[in-house]
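Asker: data-v3.txt is reproduced in full below (compact mmCIF, C-alpha atoms and all ligand atoms).
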# COMPACT_ATOMS: atom_id res chain seq x y z
CA MET M 1 29.45 -23.74 1.78
CA SER M 2 26.81 -25.91 0.20
CA ILE M 3 24.09 -23.32 -0.36
CA LYS M 4 24.91 -20.41 -2.65
CA GLY M 5 24.18 -16.99 -1.21
CA VAL M 6 22.58 -14.14 -3.14
CA ILE M 7 25.81 -12.81 -4.69
CA GLU M 8 27.07 -16.14 -5.92
CA ARG M 9 23.67 -17.15 -7.28
CA TYR M 10 22.87 -13.92 -9.12
CA LYS M 11 26.22 -12.21 -9.65
CA GLU M 12 25.59 -11.43 -13.32
CA TYR M 13 22.80 -9.09 -12.18
CA LEU M 14 24.79 -7.52 -9.34
CA PRO M 15 27.47 -4.79 -9.19
CA VAL M 16 30.26 -7.13 -8.06
CA THR M 17 33.57 -8.07 -9.65
CA GLU M 18 36.25 -10.71 -9.11
CA LYS M 19 37.79 -8.31 -6.60
CA THR M 20 34.70 -8.00 -4.40
CA PRO M 21 35.14 -9.94 -1.14
CA ILE M 22 31.90 -11.89 -0.77
CA ILE M 23 30.55 -11.48 2.73
CA THR M 24 27.74 -14.02 2.95
CA LEU M 25 25.74 -16.06 5.44
CA CYS M 26 24.05 -18.09 2.67
CA GLU M 27 21.10 -15.72 2.55
CA GLY M 28 18.21 -16.05 0.10
CA ASN M 29 16.90 -19.39 -1.16
CA THR M 30 13.75 -18.84 0.89
CA PRO M 31 10.68 -21.03 0.36
CA LEU M 32 7.56 -20.17 -1.57
CA VAL M 33 4.87 -21.80 0.56
CA ARG M 34 1.48 -22.49 -1.07
CA ALA M 35 -1.30 -21.07 1.12
CA ASP M 36 -4.25 -23.23 0.02
CA PHE M 37 -6.06 -22.41 3.26
CA LEU M 38 -6.21 -18.77 2.17
CA GLU M 39 -7.39 -19.73 -1.32
CA LYS M 40 -10.31 -21.68 0.19
CA MET M 41 -11.04 -19.12 2.89
CA LEU M 42 -11.20 -16.33 0.34
CA ASN M 43 -12.95 -18.46 -2.28
CA LEU M 44 -10.29 -17.46 -4.76
CA LYS M 45 -9.69 -18.82 -8.23
CA ALA M 46 -6.02 -18.19 -7.68
CA LYS M 47 -2.89 -19.78 -6.37
CA VAL M 48 -1.57 -17.94 -3.34
CA TYR M 49 2.07 -18.29 -2.31
CA LEU M 50 3.90 -16.93 0.71
CA LYS M 51 7.56 -16.06 0.26
CA PHE M 52 8.83 -16.66 3.76
CA GLU M 53 11.74 -14.28 4.17
CA GLY M 54 11.87 -15.13 7.88
CA GLN M 55 14.05 -18.05 6.82
CA ASN M 56 16.98 -15.80 6.00
CA PRO M 57 20.06 -16.05 8.27
CA THR M 58 19.05 -13.19 10.57
CA GLY M 59 15.34 -13.83 10.11
CA SER M 60 14.40 -11.12 7.63
CA PHE M 61 14.69 -10.04 3.98
CA LYS M 62 17.29 -7.45 4.92
CA ASP M 63 20.05 -10.05 4.54
CA ARG M 64 19.64 -10.06 0.73
CA GLY M 65 20.65 -6.42 0.56
CA MET M 66 23.11 -6.52 3.41
CA THR M 67 25.34 -9.15 1.79
CA VAL M 68 25.88 -6.78 -1.15
CA ALA M 69 26.13 -3.56 0.90
CA VAL M 70 28.65 -4.98 3.37
CA SER M 71 30.69 -6.73 0.66
CA LYS M 72 30.98 -3.44 -1.24
CA ALA M 73 31.83 -1.50 1.93
CA LYS M 74 34.58 -4.04 2.62
CA GLU M 75 35.81 -3.77 -0.97
CA GLU M 76 35.96 0.01 -0.60
CA GLY M 77 38.12 -0.38 2.50
CA MET M 78 35.55 0.85 5.02
CA GLN M 79 36.01 -0.33 8.58
CA ALA M 80 32.57 0.40 9.96
CA VAL M 81 28.92 0.37 8.89
CA MET M 82 26.02 2.32 10.30
CA CYS M 83 22.23 2.32 10.00
CA ALA M 84 19.05 3.66 11.52
CA SER M 85 16.57 0.90 12.10
CA THR M 86 13.19 -0.23 13.32
CA GLY M 87 15.08 -3.43 14.15
CA ASN M 88 15.66 -5.80 11.26
CA THR M 89 18.20 -3.68 9.42
CA SER M 90 20.20 -3.38 12.64
CA ALA M 91 20.10 -7.15 13.21
CA SER M 92 21.27 -7.82 9.68
CA ALA M 93 23.90 -5.06 9.54
CA SER M 94 25.47 -6.17 12.81
CA ALA M 95 25.60 -9.84 11.74
CA TYR M 96 27.18 -9.09 8.35
CA ALA M 97 29.60 -6.61 9.92
CA ALA M 98 30.64 -9.31 12.41
CA ARG M 99 31.16 -11.71 9.51
CA ALA M 100 33.28 -9.11 7.69
CA GLY M 101 35.33 -8.20 10.76
CA MET M 102 33.94 -4.66 10.68
CA LYS M 103 32.43 -2.43 13.33
CA SER M 104 28.72 -1.63 13.33
CA PHE M 105 26.78 1.29 14.79
CA VAL M 106 23.01 1.12 14.89
CA VAL M 107 20.58 3.85 15.91
CA ILE M 108 17.14 2.68 17.04
CA PRO M 109 13.99 4.34 18.39
CA GLU M 110 13.92 3.67 22.14
CA GLY M 111 11.01 1.47 23.19
CA ASN M 112 9.86 0.67 19.67
CA ILE M 113 11.98 -2.22 18.53
CA ALA M 114 11.06 -5.86 19.00
CA LEU M 115 13.05 -7.75 21.61
CA GLY M 116 14.55 -10.36 19.28
CA LYS M 117 15.98 -7.70 16.98
CA LEU M 118 17.59 -5.82 19.85
CA ALA M 119 19.08 -9.07 21.15
CA GLN M 120 20.56 -9.77 17.71
CA ALA M 121 22.25 -6.37 17.37
CA LEU M 122 23.69 -6.64 20.87
CA ILE M 123 25.01 -10.19 20.59
CA HIS M 124 26.60 -9.52 17.19
CA GLY M 125 28.60 -6.78 18.86
CA ALA M 126 27.03 -3.65 17.40
CA THR M 127 27.28 -0.39 19.25
CA VAL M 128 23.56 0.16 19.83
CA ILE M 129 22.42 3.74 20.26
CA ALA M 130 18.81 4.16 21.37
CA ILE M 131 17.40 7.64 20.78
CA ASN M 132 14.41 9.39 22.24
CA GLY M 133 12.93 9.79 18.79
CA ASN M 134 11.46 7.76 15.95
CA PHE M 135 12.98 5.99 12.94
CA ASP M 136 12.73 9.02 10.65
CA GLU M 137 14.73 11.14 13.09
CA ALA M 138 17.28 8.34 13.49
CA LEU M 139 17.73 8.06 9.71
CA LYS M 140 18.25 11.80 9.34
CA LEU M 141 21.03 11.74 11.95
CA VAL M 142 22.67 8.67 10.46
CA ARG M 143 22.70 10.28 7.00
CA GLU M 144 24.45 13.33 8.41
CA ILE M 145 27.03 11.34 10.34
CA THR M 146 27.89 8.97 7.47
CA ASP M 147 28.26 11.97 5.14
CA GLU M 148 30.89 13.42 7.44
CA TYR M 149 32.73 10.35 8.79
CA PRO M 150 34.33 7.28 7.18
CA VAL M 151 31.44 4.97 8.02
CA ALA M 152 29.36 3.19 5.34
CA LEU M 153 25.63 3.87 5.44
CA VAL M 154 23.78 0.56 5.03
CA ASN M 155 20.17 1.71 5.04
CA SER M 156 18.26 1.07 1.81
CA ILE M 157 19.19 4.50 0.43
CA ASN M 158 22.48 2.69 -0.18
CA PRO M 159 21.86 1.43 -3.75
CA TYR M 160 23.70 -1.85 -3.05
CA ARG M 161 20.92 -2.76 -0.61
CA ILE M 162 18.30 -2.44 -3.35
CA GLU M 163 20.52 -4.41 -5.74
CA GLY M 164 20.73 -7.34 -3.34
CA GLN M 165 17.07 -7.26 -2.40
CA LYS M 166 15.92 -7.50 -6.01
CA SER M 167 17.11 -11.14 -5.86
CA GLY M 168 13.80 -11.89 -4.14
CA SER M 169 12.01 -11.35 -7.47
CA PHE M 170 14.49 -13.54 -9.31
CA GLU M 171 13.86 -16.42 -6.90
CA ILE M 172 10.08 -16.09 -7.21
CA CYS M 173 10.28 -16.16 -11.01
CA ASP M 174 12.75 -19.06 -10.99
CA ASP M 175 10.41 -21.04 -8.71
CA LEU M 176 7.13 -20.24 -10.53
CA GLY M 177 8.56 -20.27 -14.05
CA CYS M 178 6.95 -16.86 -14.55
CA ALA M 179 6.26 -13.68 -12.62
CA PRO M 180 3.14 -13.66 -10.44
CA ASP M 181 0.14 -11.56 -11.46
CA TYR M 182 0.03 -9.79 -8.12
CA HIS M 183 2.83 -9.08 -5.66
CA PHE M 184 1.65 -8.14 -2.14
CA ILE M 185 4.23 -6.55 0.13
CA PRO M 186 4.42 -4.51 3.35
CA VAL M 187 5.78 -0.98 2.90
CA GLY M 188 7.81 0.92 5.50
CA ASN M 189 10.80 2.85 4.25
CA ALA M 190 9.77 1.57 0.79
CA GLY M 191 13.12 0.04 -0.20
CA ASN M 192 11.77 -3.46 -0.64
CA ILE M 193 8.89 -2.63 -3.01
CA THR M 194 11.42 -0.60 -5.01
CA ALA M 195 13.85 -3.52 -5.11
CA TYR M 196 11.28 -6.14 -6.11
CA TRP M 197 9.96 -3.98 -8.93
CA LYS M 198 13.50 -3.39 -10.20
CA GLY M 199 14.14 -7.13 -10.08
CA TYR M 200 11.03 -8.04 -12.06
CA LYS M 201 11.83 -5.45 -14.72
CA GLU M 202 15.42 -6.67 -15.06
CA TYR M 203 14.30 -10.29 -15.36
CA LYS M 204 11.88 -9.28 -18.10
CA ASP M 205 14.60 -7.36 -19.93
CA ALA M 206 16.85 -10.42 -19.66
CA GLY M 207 14.12 -12.52 -21.30
CA LYS M 208 13.60 -14.69 -18.22
CA ILE M 209 9.91 -13.77 -17.84
CA SER M 210 7.32 -12.30 -20.19
CA ASN M 211 4.88 -10.70 -17.76
CA LEU M 212 5.19 -8.23 -14.87
CA PRO M 213 3.14 -8.28 -11.67
CA LYS M 214 0.97 -5.53 -10.28
CA MET M 215 2.76 -4.23 -7.19
CA MET M 216 0.40 -4.12 -4.19
CA GLY M 217 2.01 -2.34 -1.23
CA PHE M 218 0.49 -2.02 2.24
CA GLN M 219 1.31 0.42 5.00
CA ALA M 220 -0.06 0.38 8.55
CA ALA M 221 -3.01 2.78 8.92
CA GLY M 222 -1.18 4.72 11.65
CA ALA M 223 1.92 5.10 9.48
CA CYS M 224 0.70 5.46 5.89
CA PRO M 225 2.39 8.55 4.42
CA ILE M 226 2.34 7.27 0.84
CA VAL M 227 -1.36 6.39 0.99
CA GLU M 228 -2.34 9.78 2.36
CA GLY M 229 0.29 11.82 0.58
CA ARG M 230 1.63 13.46 3.74
CA ILE M 231 4.49 12.93 6.20
CA PHE M 232 3.39 11.31 9.47
CA GLU M 233 5.26 13.16 12.24
CA HIS M 234 4.13 10.63 14.83
CA PRO M 235 3.65 7.26 13.12
CA GLU M 236 2.02 4.62 15.32
CA THR M 237 1.37 0.90 14.79
CA ILE M 238 1.90 -2.36 16.61
CA ALA M 239 3.86 -3.42 13.52
CA THR M 240 6.96 -1.59 14.78
CA ALA M 241 9.04 -2.66 11.76
CA ILE M 242 6.96 -0.38 9.53
CA ARG M 243 6.43 2.45 12.01
CA ILE M 244 7.85 4.96 9.53
CA GLY M 245 6.39 8.38 8.71
CA ASN M 246 8.65 9.66 5.91
CA PRO M 247 9.91 6.80 3.73
CA ALA M 248 13.27 7.31 2.01
CA SER M 249 12.14 5.55 -1.20
CA TRP M 250 8.72 7.25 -1.30
CA LYS M 251 8.96 8.36 -4.95
CA MET M 252 10.29 5.01 -6.14
CA ALA M 253 7.47 3.16 -4.40
CA GLU M 254 4.97 5.41 -6.20
CA ALA M 255 6.75 4.67 -9.47
CA ALA M 256 6.53 0.90 -8.82
CA ARG M 257 2.82 1.28 -8.09
CA ASP M 258 2.10 3.42 -11.14
CA GLU M 259 4.27 1.61 -13.69
CA SER M 260 2.84 -1.77 -12.65
CA GLY M 261 -0.78 -0.62 -12.41
CA GLY M 262 -0.92 -1.70 -8.78
CA MET M 263 -1.81 0.15 -5.59
CA ILE M 264 -0.47 1.25 -2.22
CA ASP M 265 -3.13 1.07 0.47
CA LYS M 266 -3.33 0.81 4.24
CA VAL M 267 -4.38 -1.89 6.71
CA THR M 268 -5.36 -1.34 10.34
CA ASP M 269 -3.56 -2.93 13.27
CA ASP M 270 -6.64 -5.15 13.79
CA GLU M 271 -6.45 -6.35 10.19
CA ILE M 272 -2.72 -7.00 10.61
CA VAL M 273 -3.28 -9.03 13.80
CA GLU M 274 -6.07 -11.03 12.16
CA ALA M 275 -3.81 -12.00 9.24
CA TYR M 276 -0.93 -12.71 11.66
CA LYS M 277 -3.13 -15.16 13.57
CA ILE M 278 -4.49 -16.90 10.45
CA LEU M 279 -0.97 -17.39 9.12
CA ALA M 280 0.22 -18.94 12.38
CA LYS M 281 -2.86 -20.99 13.30
CA LYS M 282 -4.14 -22.15 9.93
CA ILE M 283 -1.06 -22.21 7.74
CA GLY M 284 1.71 -22.93 10.24
CA VAL M 285 3.80 -19.93 9.27
CA PHE M 286 4.90 -17.60 12.06
CA CYS M 287 5.84 -14.19 10.69
CA GLU M 288 6.20 -10.89 12.48
CA PRO M 289 3.27 -8.43 12.58
CA ALA M 290 4.63 -6.08 9.87
CA SER M 291 4.96 -9.03 7.50
CA ALA M 292 1.31 -9.96 7.95
CA ALA M 293 0.41 -6.60 6.38
CA SER M 294 0.84 -8.22 2.94
CA VAL M 295 -1.75 -10.89 3.68
CA ALA M 296 -4.01 -8.38 5.46
CA GLY M 297 -3.77 -6.38 2.23
CA LEU M 298 -4.78 -9.40 0.15
CA ILE M 299 -7.83 -10.00 2.35
CA LYS M 300 -8.82 -6.33 2.23
CA THR M 301 -8.36 -6.03 -1.53
CA LEU M 302 -10.40 -9.13 -2.15
CA ASN M 303 -13.22 -7.91 0.06
CA LEU M 304 -13.29 -4.75 -2.03
CA GLY M 305 -13.91 -6.95 -5.09
CA TYR M 306 -10.66 -6.00 -6.77
CA PHE M 307 -9.82 -9.36 -8.34
CA ASN M 308 -13.33 -10.13 -9.54
CA LYS M 309 -13.45 -6.82 -11.28
CA GLU M 310 -10.02 -7.09 -12.87
CA ASP M 311 -9.61 -10.74 -13.68
CA ASN M 312 -12.99 -12.15 -14.73
CA GLY M 313 -12.43 -15.44 -12.96
CA LYS M 314 -9.21 -16.46 -14.74
CA GLU M 315 -6.74 -18.28 -12.53
CA ILE M 316 -4.08 -15.94 -11.26
CA LYS M 317 -0.90 -16.28 -9.24
CA ILE M 318 -0.49 -14.18 -6.12
CA VAL M 319 2.67 -13.89 -4.04
CA CYS M 320 2.65 -12.32 -0.57
CA ILE M 321 6.03 -11.44 0.92
CA LEU M 322 6.38 -12.37 4.58
CA THR M 323 9.32 -10.15 5.34
CA GLY M 324 10.41 -11.32 8.81
CA HIS M 325 10.16 -14.16 11.33
CA GLY M 326 7.60 -14.19 14.15
CA LEU M 327 10.26 -15.04 16.72
CA LYS M 328 11.64 -11.54 16.27
CA ASP M 329 8.74 -10.21 18.32
CA PRO M 330 7.70 -12.85 20.86
CA ASP M 331 6.05 -10.26 23.09
CA ARG M 332 3.38 -9.60 20.48
CA ALA M 333 2.38 -13.26 20.20
CA ILE M 334 2.14 -13.60 23.97
CA LYS M 335 0.10 -10.42 24.24
CA ILE M 336 -2.45 -11.72 21.75
CA ILE M 337 -2.72 -15.29 22.99
CA GLU M 338 -2.82 -15.52 26.77
CA ARG M 339 0.12 -17.14 28.53
CA PRO M 340 -1.02 -20.37 30.30
CA GLN M 341 -1.57 -20.38 34.07
CA PRO M 342 0.59 -23.05 35.76
CA VAL M 343 -1.10 -26.10 37.33
CA ASP M 344 0.18 -28.78 39.70
CA ALA M 345 2.56 -31.39 38.25
CA ASP M 346 -0.29 -33.86 38.20
CA LYS M 347 -1.57 -36.11 35.40
CA ASN M 348 -5.24 -35.44 36.14
CA ALA M 349 -4.73 -31.67 36.15
CA ILE M 350 -3.12 -31.95 32.70
CA LEU M 351 -5.83 -34.28 31.34
CA LYS M 352 -8.51 -31.87 32.51
CA ILE M 353 -6.96 -29.07 30.48
CA MET M 354 -6.62 -31.39 27.49
CA GLY M 355 -10.34 -32.02 27.67
CA TYR M 356 -10.14 -35.77 28.37
C1 LIG M 401 9.70 -7.19 8.77
O1 LIG M 401 14.75 -2.56 9.86
O2 LIG M 401 12.99 -0.27 8.03
O3 LIG M 401 9.57 -0.84 2.95
O4 LIG M 401 14.96 -0.42 9.82
O5 LIG M 401 11.54 -5.07 9.07
O6 LIG M 401 11.83 -1.85 2.60
O7 LIG M 401 11.36 -0.46 4.62
C2 LIG M 401 12.42 -2.52 8.37
C3 LIG M 401 11.43 -2.64 7.46
C4 LIG M 401 8.71 -4.79 6.19
C5 LIG M 401 9.45 -2.61 5.39
N1 LIG M 401 8.76 -5.87 6.98
O8 LIG M 401 10.37 -2.71 4.34
C6 LIG M 401 14.39 -1.45 9.46
C7 LIG M 401 13.23 -1.34 8.56
C8 LIG M 401 9.70 -5.97 7.94
C9 LIG M 401 10.63 -4.94 8.11
C10 LIG M 401 9.59 -3.75 6.32
C11 LIG M 401 10.56 -3.78 7.31
P1 LIG M 401 10.82 -1.39 3.57
Once you've parsed the file, please lay out its structure as structure tokens.
Ligand code: AN7

Answerer:
Amino acid sequence: MSIKGVIERYKEYLPVTEKTPIITLCEGNTPLVRADFLEKMLNLKAKVYLKFEGQNPTGSFKDRGMTVAVSKAKEEGMQAVMCASTGNTSASASAYAARAGMKSFVVIPEGNIALGKLAQALIHGATVIAINGNFDEALKLVREITDEYPVALVNSINPYRIEGQKSGSFEICDDLGCAPDYHFIPVGNAGNITAYWKGYKEYKDAGKISNLPKMMGFQAAGACPIVEGRIFEHPETIATAIRIGNPASWKMAEAARDESGGMIDKVTDDEIVEAYKILAKKIGVFCEPASAASVAGLIKTLNLGYFNKEDNGKEIKIVCILTGHGLKDPDRAIKIIERPQPVDADKNAILKIMGY
């Protein structure tokens, strides 16, 4: 394979040995896209970059962790993997299990997973179990089952997932030649903010970078347990990927926030949709709604005067993580922008619509 996957590229930082079978789909290597439109729109003395994780093999950042988790499960002789998921973890787990010749079982909340993600799990051959319950209930059940049966748990409470996902920080630092000043990221189960913070700290310890970013996490207002300091029994948001009321890595996300001097705040569904539209229409990047929470967070934070207060006009580098691809959730795009009404197959009818 021409492109190195996460394990091959960063193996010195990962818990793998010569004996580990590397199960890869050439994940990682995602682009850091400069968002000059946002810089101008927000009148920012800063460089804003979007790390477009939608370009991973299954269309989300989960692949970075899954390559390590599934490789280790294979090394340990497991024959099946299992996860609870709002969608992306199930898509990734089922693809990597297929690649490894392993079985996959995925438990999802009925009615609250985007169509593309469900299609992925099904076509990769996972046994898909839809429950009448939410993600938090699914995760609890999956933890119990994987404790009792010989099935590897591949949610982000599996430390190998976090290990793989920290490669996102390494790539950002390798591309920028330093760490950013601010790292904006959506927060759901809180594994990714935990992983990125771990990655930045390890790169600093290794002497690769000299600064650390402030970690700026954003939850959806209807599912913001960390912001409000309470479990949400009934989380609700159009950003179904982060519709999570009791994050597994809650404490570690708080540690990332506090050690870095950052914040974890919330954005409303309207703010998420606004950012989602700007990204698609003005920047040409189509991410899924949950991913747009990072950019919605940037806009909100700026409007609160955060940067002006903290940075006295010095040029800063900001990275927003766009965690998943917009094609995962086509229904949302079509709900927001009206589907066109058909016209006759006639040149004049077309020209009229074109405005000529
Ligand atoms: C696009 O797939 O939890 O804070 O089960 O799919 O690490 O949970 C997905 C989470 C952000 C939140 N953006 O990351 C799952 C799942 C997208 C996501 C998150 C998810 P974490």

Asker: May I have the residues within 9 Å of Gly177 (chain M) as number ranges by chain, using only C-alpha atoms and disregarding those fewer than 5 positions away in the same chain?

Answerer: M: 172, 208-209

Asker: Looking at all atoms listed in the file, which of M:Phe105, M:Phe61, M:Phe170, M:Tyr276 is the one that sits closest to ligand LIG 401 (chain M)?

Answerer: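 With all atoms listed in the file as the atom set, the closest residue is M:Phe61.
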
Asker: Identify which of the residues M:Cys26, M:Ala239, M:Ile283, M:Val81 lies closest to Gly324 (chain M), counting only C-alpha atoms when measuring atom-to-atom distances.

Answerer: M:Ala239

Asker: May I ask which of the residues M:Ala100, M:Ala190, M:Ala179, M:Ile3 is the closest one to ligand LIG 401 (chain M), counting only C-alpha atoms and all ligand atoms?

Answerer: M:Ala190

Asker: Can you pull out the residues contacting Ser71 (chain M)? Cut-off 6 Å, using all atoms listed in the file, and skip same-chain residues under 3 positions away; I want them as a PyMOL selection string.

Answerer: chain M and resi 21-23+67-68+74

Asker: Calculated over only C-alpha atoms and all ligand atoms, which of the candidates M:Ala97, M:Ala73, M:Val273, M:Ile157 has the smallest distance to ligand LIG 401 (chain M)?

Answerer: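 Of M:Ala97, M:Ala73, M:Val273, M:Ile157, the one nearest ligand LIG 401 (chain M), counting only C-alpha atoms and all ligand atoms, is M:Ile157.
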
Asker: Counting only C-alpha atoms and all ligand atoms, what residues are within 6 Å of ligand LIG 401 (chain M), given as a list in words?

Answerer: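 Listed by chain and ascending number, the contacts are Ser85, Thr86, Gly87, Asn88, Thr89, Pro186, Val187, Gly188, Asn189, Ala190, Gly191, Asn192, Ala241, Ile242, Ala290, Ser291, Thr323 and Gly324 of chain M.
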
Asker: Take CA of Leu118 (chain M) and CA of Ala91 (chain M) and report the distance between them in Å, one decimal.

Answerer: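 For CA of Leu118 (chain M) relative to CA of Ala91 (chain M), the distance reads 7.2 Å.
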
Asker: Quick check, in Å to one decimal: how far apart do CA of Ile278 (chain M) and CA of Val227 (chain M) lie?

Answerer: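 Going from CA of Ile278 (chain M) over to CA of Val227 (chain M), I get 25.3 Å.
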
Asker: Residues around (-2.4, -14.7, -11.2), cut-off 6 Å, counting all atoms listed in the file - what are they as a PyMOL selection string?

Answerer: chain M and resi 180-181+315-318

Asker: Here is a test: counting all atoms listed in the file, which residue of M:Met102, M:Ser90, M:Leu50, M:Ser249 is nearest to Ala114 (chain M)?

Answerer: M:Ser90

Asker: Out of M:Gly111, M:Pro342, M:Pro31, M:Pro15, which residue has the shortest atom-to-atom distance to Leu176 (chain M) when counting only C-alpha atoms?

Answerer: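 Nearest to Leu176 (chain M): M:Pro31.
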
Asker: So the first atom is CA of His234 (chain M) and the second is CA of Phe218 (chain M); what is the distance between them in Å, to one decimal place?

Answerer: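 Separating CA of His234 (chain M) from CA of Phe218 (chain M) is a distance of 18.2 Å.
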
Asker: Excluding Ala95 (chain M) and residues on its chain fewer than 6 positions from it, collect all residues at most 10 Å away from it, counting all atoms listed in the file, and give them as a PDB file with C-alpha atoms, in the frame of the given file.

Answerer:
ATOM      1  CA  THR M  24      27.740 -14.020   2.950  1.00  0.00           C
ATOM      2  CA  LEU M  25      25.740 -16.060   5.440  1.00  0.00           C
ATOM      3  CA  PRO M  57      20.060 -16.050   8.270  1.00  0.00           C
ATOM      4  CA  THR M  58      19.050 -13.190  10.570  1.00  0.00           C
ATOM      5  CA  ASP M  63      20.050 -10.050   4.540  1.00  0.00           C
ATOM      6  CA  MET M  66      23.110  -6.520   3.410  1.00  0.00           C
ATOM      7  CA  THR M  67      25.340  -9.150   1.790  1.00  0.00           C
ATOM      8  CA  THR M  89      18.200  -3.680   9.420  1.00  0.00           C
ATOM      9  CA  GLY M 101      35.330  -8.200  10.760  1.00  0.00           C
ATOM     10  CA  MET M 102      33.940  -4.660  10.680  1.00  0.00           C
ATOM     11  CA  SER M 104      28.720  -1.630  13.330  1.00  0.00           C
ATOM     12  CA  GLN M 120      20.560  -9.770  17.710  1.00  0.00           C
ATOM     13  CA  ALA M 121      22.250  -6.370  17.370  1.00  0.00           C
ATOM     14  CA  LEU M 122      23.690  -6.640  20.870  1.00  0.00           C
ATOM     15  CA  ILE M 123      25.010 -10.190  20.590  1.00  0.00           C
ATOM     16  CA  HIS M 124      26.600  -9.520  17.190  1.00  0.00           C
ATOM     17  CA  GLY M 125      28.600  -6.780  18.860  1.00  0.00           C
ATOM     18  CA  ALA M 126      27.030  -3.650  17.400  1.00  0.00           C
TER      19      ALA M 126
END

Asker: Name all residues at most 12 Å from Pro247 (chain M) (count all atoms listed in the file; drop same-chain ones fewer than 2 positions away) and give them as a PyMOL selection string.

Answerer: chain M and resi 135-137+139-140+155-157+187-194+219+223-227+229-233+235+242-245+249-254

Asker: Please provide as a ChimeraX atom specification all residues within 12 Å of Met41 (chain M), with the sequence filter that same-chain residues fewer than 6 positions apart are discarded (counting only C-alpha atoms).

Answerer: /M:35,48,275,278-279,282-283,298-299,302-303

Asker: Taking the structure I provided as the source, export region 214-218 of chain M with all heavy atoms, as a PDB file, in the first residue's frame.

Answerer:
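So the final result, stored in result34.pdb, reads:
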ATOM      1  N   LYS M 214      -4.852  25.193  23.969  1.00  0.00           N
ATOM      2  CA  LYS M 214      -6.001  25.170  24.875  1.00  0.00           C
ATOM      3  C   LYS M 214      -7.057  24.285  24.222  1.00  0.00           C
ATOM      4  O   LYS M 214      -7.362  24.436  23.039  1.00  0.00           O
ATOM      5  CB  LYS M 214      -6.562  26.585  25.055  1.00  0.00           C
ATOM      6  CG  LYS M 214      -5.687  27.498  25.901  1.00  0.00           C
ATOM      7  CD  LYS M 214      -6.418  28.819  26.087  1.00  0.00           C
ATOM      8  CE  LYS M 214      -5.859  29.732  27.153  1.00  0.00           C
ATOM      9  NZ  LYS M 214      -4.433  29.853  27.317  1.00  0.00           N
ATOM     10  N   MET M 215      -7.595  23.342  24.992  1.00  0.00           N
ATOM     11  CA  MET M 215      -8.579  22.413  24.443  1.00  0.00           C
ATOM     12  C   MET M 215      -9.982  23.013  24.623  1.00  0.00           C
ATOM     13  O   MET M 215     -10.414  23.280  25.747  1.00  0.00           O
ATOM     14  CB  MET M 215      -8.489  21.065  25.159  1.00  0.00           C
ATOM     15  CG  MET M 215      -7.124  20.390  25.029  1.00  0.00           C
ATOM     16  SD  MET M 215      -6.617  20.047  23.332  1.00  0.00           S
ATOM     17  CE  MET M 215      -7.690  18.676  22.929  1.00  0.00           C
ATOM     18  N   MET M 216     -10.673  23.205  23.496  1.00  0.00           N
ATOM     19  CA  MET M 216     -11.976  23.869  23.485  1.00  0.00           C
ATOM     20  C   MET M 216     -13.030  22.870  22.998  1.00  0.00           C
ATOM     21  O   MET M 216     -13.177  22.648  21.797  1.00  0.00           O
ATOM     22  CB  MET M 216     -11.930  25.075  22.534  1.00  0.00           C
ATOM     23  CG  MET M 216     -10.700  25.970  22.729  1.00  0.00           C
ATOM     24  SD  MET M 216     -10.795  26.953  24.236  1.00  0.00           S
ATOM     25  CE  MET M 216     -11.891  28.253  23.679  1.00  0.00           C
ATOM     26  N   GLY M 217     -13.729  22.231  23.927  1.00  0.00           N
ATOM     27  CA  GLY M 217     -14.693  21.194  23.566  1.00  0.00           C
ATOM     28  C   GLY M 217     -16.111  21.751  23.510  1.00  0.00           C
ATOM     29  O   GLY M 217     -16.472  22.631  24.298  1.00  0.00           O
ATOM     30  N   PHE M 218     -16.922  21.218  22.592  1.00  0.00           N
ATOM     31  CA  PHE M 218     -18.308  21.688  22.478  1.00  0.00           C
ATOM     32  C   PHE M 218     -19.297  20.541  22.410  1.00  0.00           C
ATOM     33  O   PHE M 218     -19.161  19.633  21.589  1.00  0.00           O
ATOM     34  CB  PHE M 218     -18.454  22.637  21.274  1.00  0.00           C
ATOM     35  CG  PHE M 218     -17.792  23.949  21.579  1.00  0.00           C
ATOM     36  CD1 PHE M 218     -16.427  24.101  21.344  1.00  0.00           C
ATOM     37  CD2 PHE M 218     -18.474  24.965  22.206  1.00  0.00           C
ATOM     38  CE1 PHE M 218     -15.770  25.268  21.716  1.00  0.00           C
ATOM     39  CE2 PHE M 218     -17.839  26.132  22.582  1.00  0.00           C
ATOM     40  CZ  PHE M 218     -16.478  26.292  22.334  1.00  0.00           C
TER      41      PHE M 218
END
